[in-house]
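What's in start38.csv: CSV, C-alpha atoms and all ligand atoms
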chain,number,residue,atom,x,y,z
A,1173,MET,CA,27.3,41.4,-143.7
A,1174,ILE,CA,27.0,40.3,-147.3
A,1175,PRO,CA,23.8,39.0,-148.8
A,1176,GLU,CA,23.4,35.2,-149.0
A,1177,SER,CA,23.3,35.3,-152.8
A,1178,LEU,CA,26.7,37.0,-153.0
A,1179,LYS,CA,28.1,34.6,-150.3
A,1180,LYS,CA,27.0,31.6,-152.4
A,1181,THR,CA,28.5,33.1,-155.6
A,1182,LEU,CA,31.8,33.7,-153.9
A,1183,GLU,CA,31.8,30.2,-152.3
A,1184,ALA,CA,31.3,28.8,-155.8
A,1185,ARG,CA,34.2,30.9,-157.1
A,1186,VAL,CA,36.5,29.6,-154.3
A,1187,ALA,CA,35.3,26.0,-154.8
A,1188,SER,CA,36.2,26.2,-158.6
A,1189,ALA,CA,39.8,27.5,-157.9
A,1190,ILE,CA,42.7,25.1,-157.7
A,1191,THR,CA,43.9,27.0,-154.6
A,1192,ALA,CA,41.9,29.4,-152.5
A,1193,ARG,CA,44.5,32.1,-153.1
A,1194,GLU,CA,43.8,31.9,-156.8
A,1195,ALA,CA,40.3,33.2,-156.1
A,1196,ALA,CA,41.5,35.9,-153.7
A,1197,VAL,CA,41.5,38.8,-156.1
A,1198,ASP,CA,38.0,37.9,-157.5
A,1199,VAL,CA,36.7,37.6,-153.9
A,1200,MET,CA,38.2,40.9,-152.8
A,1201,LYS,CA,36.9,42.7,-155.9
A,1202,GLU,CA,33.4,41.4,-155.5
A,1203,LEU,CA,33.4,42.4,-151.8
A,1204,GLN,CA,34.8,45.8,-152.7
A,1205,ALA,CA,32.0,46.3,-155.3
A,1206,HIS,CA,29.5,45.5,-152.6
A,1207,TYR,CA,30.9,47.8,-149.9
A,1208,GLY,CA,32.4,50.5,-152.2
A,1209,TRP,CA,35.9,49.7,-150.7
A,1210,LEU,CA,37.4,46.7,-148.9
A,1211,THR,CA,36.2,47.4,-145.4
A,1212,ASP,CA,37.6,45.6,-142.3
A,1213,GLU,CA,34.4,43.6,-142.3
A,1214,ALA,CA,35.0,42.6,-145.9
A,1215,VAL,CA,38.6,41.5,-145.1
A,1216,GLY,CA,37.1,39.3,-142.4
A,1217,GLU,CA,34.5,37.9,-144.8
A,1218,ALA,CA,37.2,37.3,-147.5
A,1219,ALA,CA,39.4,35.5,-145.0
A,1220,SER,CA,36.6,33.2,-143.9
A,1221,LEU,CA,35.6,32.5,-147.6
A,1222,LEU,CA,39.2,31.8,-148.6
A,1223,GLY,CA,40.3,29.9,-145.5
A,1224,LEU,CA,43.0,32.5,-144.9
A,1225,SER,CA,43.8,34.6,-141.9
A,1226,PRO,CA,42.7,38.3,-142.0
A,1227,LEU,CA,46.4,39.2,-142.0
A,1228,GLN,CA,47.0,37.1,-145.1
A,1229,VAL,CA,44.0,38.8,-146.9
A,1230,GLU,CA,45.4,42.2,-145.7
A,1231,GLU,CA,48.8,41.4,-147.3
A,1232,LEU,CA,47.1,40.5,-150.6
A,1233,ALA,CA,44.8,43.6,-150.4
A,1234,THR,CA,47.7,46.0,-149.9
A,1235,PHE,CA,49.7,44.5,-152.8
A,1236,TYR,CA,47.0,45.1,-155.5
A,1237,GLU,CA,46.5,48.8,-156.3
A,1238,MET,CA,43.0,48.2,-157.5
A,1239,ILE,CA,41.9,47.1,-154.1
A,1240,TYR,CA,41.1,50.0,-151.7
A,1241,ARG,CA,41.5,49.7,-148.0
A,1242,ARG,CA,40.1,53.2,-147.4
A,1243,PRO,CA,36.9,54.8,-148.7
A,1244,VAL,CA,37.2,56.0,-152.3
A,1245,GLY,CA,34.9,58.1,-154.6
A,1246,LYS,CA,32.4,56.6,-157.0
A,1247,LYS,CA,35.2,56.4,-159.6
A,1248,VAL,CA,38.9,56.0,-159.1
A,1249,ILE,CA,41.3,57.7,-161.4
A,1250,HIS,CA,44.7,56.0,-161.7
A,1251,VAL,CA,47.1,58.4,-163.4
A,1252,CYS,CA,50.4,56.9,-164.6
A,1253,ASP,CA,53.5,58.4,-162.9
A,1254,SER,CA,56.2,56.3,-164.4
A,1255,ILE,CA,59.2,56.7,-166.6
A,1256,SER,CA,57.7,56.5,-170.2
A,1257,CYS,CA,54.9,58.8,-169.2
A,1258,TRP,CA,57.3,61.3,-167.6
A,1259,CYS,CA,58.9,61.7,-171.1
A,1260,VAL,CA,55.5,62.9,-172.4
A,1261,ASP,CA,54.7,65.2,-169.6
A,1262,CYS,CA,52.5,63.2,-167.3
A,1263,GLU,CA,53.4,65.7,-164.6
A,1264,GLY,CA,51.5,68.3,-166.6
A,1265,ILE,CA,48.5,66.0,-166.8
A,1266,ILE,CA,48.7,65.2,-163.1
A,1267,GLU,CA,48.8,68.9,-162.3
A,1268,HIS,CA,45.9,69.5,-164.6
A,1269,LEU,CA,43.8,66.7,-162.9
A,1270,LYS,CA,44.6,68.1,-159.4
A,1271,LYS,CA,43.6,71.6,-160.4
A,1272,LYS,CA,40.5,70.5,-162.3
A,1273,LEU,CA,39.3,68.2,-159.5
A,1274,GLY,CA,40.4,70.4,-156.6
A,1275,VAL,CA,42.2,67.5,-154.9
A,1276,GLY,CA,45.7,66.3,-154.3
A,1277,LEU,CA,46.9,62.8,-155.1
A,1278,GLY,CA,45.2,60.3,-152.8
A,1279,GLU,CA,42.2,62.5,-152.2
A,1280,THR,CA,38.6,62.4,-153.2
A,1281,THR,CA,36.5,65.2,-154.7
A,1282,ALA,CA,34.1,67.0,-152.4
A,1283,ASP,CA,31.1,65.5,-154.3
A,1284,GLY,CA,32.5,62.0,-153.8
A,1285,MET,CA,32.7,61.4,-157.5
A,1286,PHE,CA,36.4,60.9,-158.1
A,1287,THR,CA,39.5,59.7,-156.2
A,1288,LEU,CA,42.8,60.6,-157.8
A,1289,LEU,CA,45.7,58.1,-157.3
A,1290,PRO,CA,49.1,57.9,-159.0
A,1291,CYS,CA,50.2,54.5,-160.3
A,1292,CYS,CA,53.1,52.7,-161.8
A,1293,CYS,CA,53.3,51.8,-165.5
A,1294,MET,CA,49.9,50.8,-166.8
A,1295,GLY,CA,51.4,49.0,-169.8
A,1296,MET,CA,50.3,51.8,-172.1
A,1297,CYS,CA,53.7,53.4,-172.5
A,1298,GLY,CA,53.3,53.9,-176.3
A,1299,ASP,CA,50.0,55.8,-175.6
A,1300,GLY,CA,51.2,58.0,-172.7
A,1301,PRO,CA,50.4,60.0,-170.9
A,1302,ALA,CA,47.9,57.5,-169.6
A,1303,MET,CA,45.2,57.1,-167.0
A,1304,SER,CA,42.3,54.9,-166.2
A,1305,VAL,CA,38.9,55.8,-164.8
A,1306,GLY,CA,37.5,52.7,-163.1
A,1307,ASP,CA,38.2,49.9,-165.6
A,1308,VAL,CA,38.5,52.2,-168.6
A,1309,PRO,CA,42.0,53.1,-169.9
A,1310,TYR,CA,42.7,56.4,-171.6
A,1311,GLY,CA,45.9,57.3,-173.4
A,1312,LYS,CA,47.5,60.2,-175.3
A,1313,LEU,CA,46.1,62.5,-172.8
A,1314,THR,CA,46.0,66.3,-173.2
A,1315,PRO,CA,44.4,68.7,-170.8
A,1316,GLU,CA,41.5,69.2,-173.2
A,1317,LEU,CA,41.0,65.4,-173.5
A,1318,VAL,CA,41.2,65.0,-169.7
A,1319,ASP,CA,38.4,67.6,-169.4
A,1320,GLU,CA,36.3,65.7,-171.9
A,1321,ILE,CA,36.9,62.4,-170.2
A,1322,LEU,CA,35.9,63.7,-166.8
A,1323,GLU,CA,32.7,65.2,-168.2
A,1324,MET,CA,31.9,61.9,-170.0
A,1325,GLU,CA,32.6,59.9,-166.8
A,1326,ARG,CA,30.4,62.2,-164.8
A,1327,GLN,CA,27.6,61.7,-167.3
A,1328,LYS,CA,28.0,57.9,-167.2
A,1329,ALA,CA,27.9,57.8,-163.3
A,1401,LIG,S1,55.0,54.5,-168.1
A,1401,LIG,FE1,53.0,55.2,-168.2
A,1401,LIG,S2,51.9,53.6,-169.1
A,1401,LIG,FE2,54.0,52.8,-169.0
So that I can check it, write out the structure of this file as structure tokens.
Ligand code: FES
Amino acid sequence: MIPESLKKTLEARVASAITAREAAVDVMKELQAHYGWLTDEAVGEAASLLGLSPLQVEELATFYEMIYRRPVGKKVIHVCDSISCWCVDCEGIIEHLKKKLGVGLGETTADGMFTLLPCCCMGMCGDGPAMSVGDVPYGKLTPELVDEILEMERQKA
């Protein structure tokens, strides 16, 4: 159950939206930040706040790749696996990430720090290969730069 203060914040966000659906992503992201991922309980809470059915929230949640319906690590890495990045060897970067983290795509490191997910174009095609860690985008990746970023992100955690 969410704290009363968060509930009031989210109710205010919904009240300020022209339609409840407009606030859906904000509500889901806030609930996700509270629980660590969008739990079934959070889906129910979002539905009640938005005046939608749990199924409608589920449909929205599974559409957005930054909303997680399964537990994730402390930081989620989205690595681009799309056409422009293919041309600059994102496959090599993905392989490097898998090896370095000891996980496959869709998996979380043993220490719970990182979850590695492939994603479609991140809009950084000119700076590929690209990835993001949490909300921070990184481009022109090399294996060496990936190592530096992972270390830096671990320090920041
Ligand atoms: S294809 Fe990778 S950022 Fe666009």
Which is closest to Ala1218 in chain A among A:Val1275, A:Leu1178, A:Val1251, A:Cys1291, if we use all atoms listed in the file?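 Smallest separation from Ala1218 in chain A among the options: A:Leu1178.
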When you count all atoms listed in the file, which of these residues is closest to Pro1226 in chain A: A:Val1248, A:Met1200, A:Met1303, A:Ile1190?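 Comparing A:Val1248, A:Met1200, A:Met1303, A:Ile1190 against Pro1226 in chain A, the winner is A:Met1200.
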List all protein, DNA and RNA residues that have at least one atom no more than 6 Å from any atom of ligand LIG 1401 (chain A), counting only C-alpha atoms and all ligand atoms, and write them as a ChimeraX atom specification. /A:1252,1254-1257,1293-1297,1300,1302
Just want the 12 Å neighbourhood of range 1238-1246 of chain A, counted on all atoms listed in the file, with same-chain residues fewer than 3 positions away dropped. Output as number ranges by chain. A: 1196-1205, 1207-1215, 1229-1235, 1249-1250, 1275, 1278-1292, 1294, 1304-1307, 1325-1326, 1328-1329
What's the 10 Å shell around Gly1264 in chain A, counting only C-alpha atoms, without same-chain residues fewer than 4 positions away, as a list in words? Trp1258, Val1260, His1268, Leu1269, Lys1270, Pro1301, Thr1314 and Pro1315 of chain A
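Here CA of Glu1183 in chain A and CA of Lys1247 in chain A stand 27.4 Å from one another.
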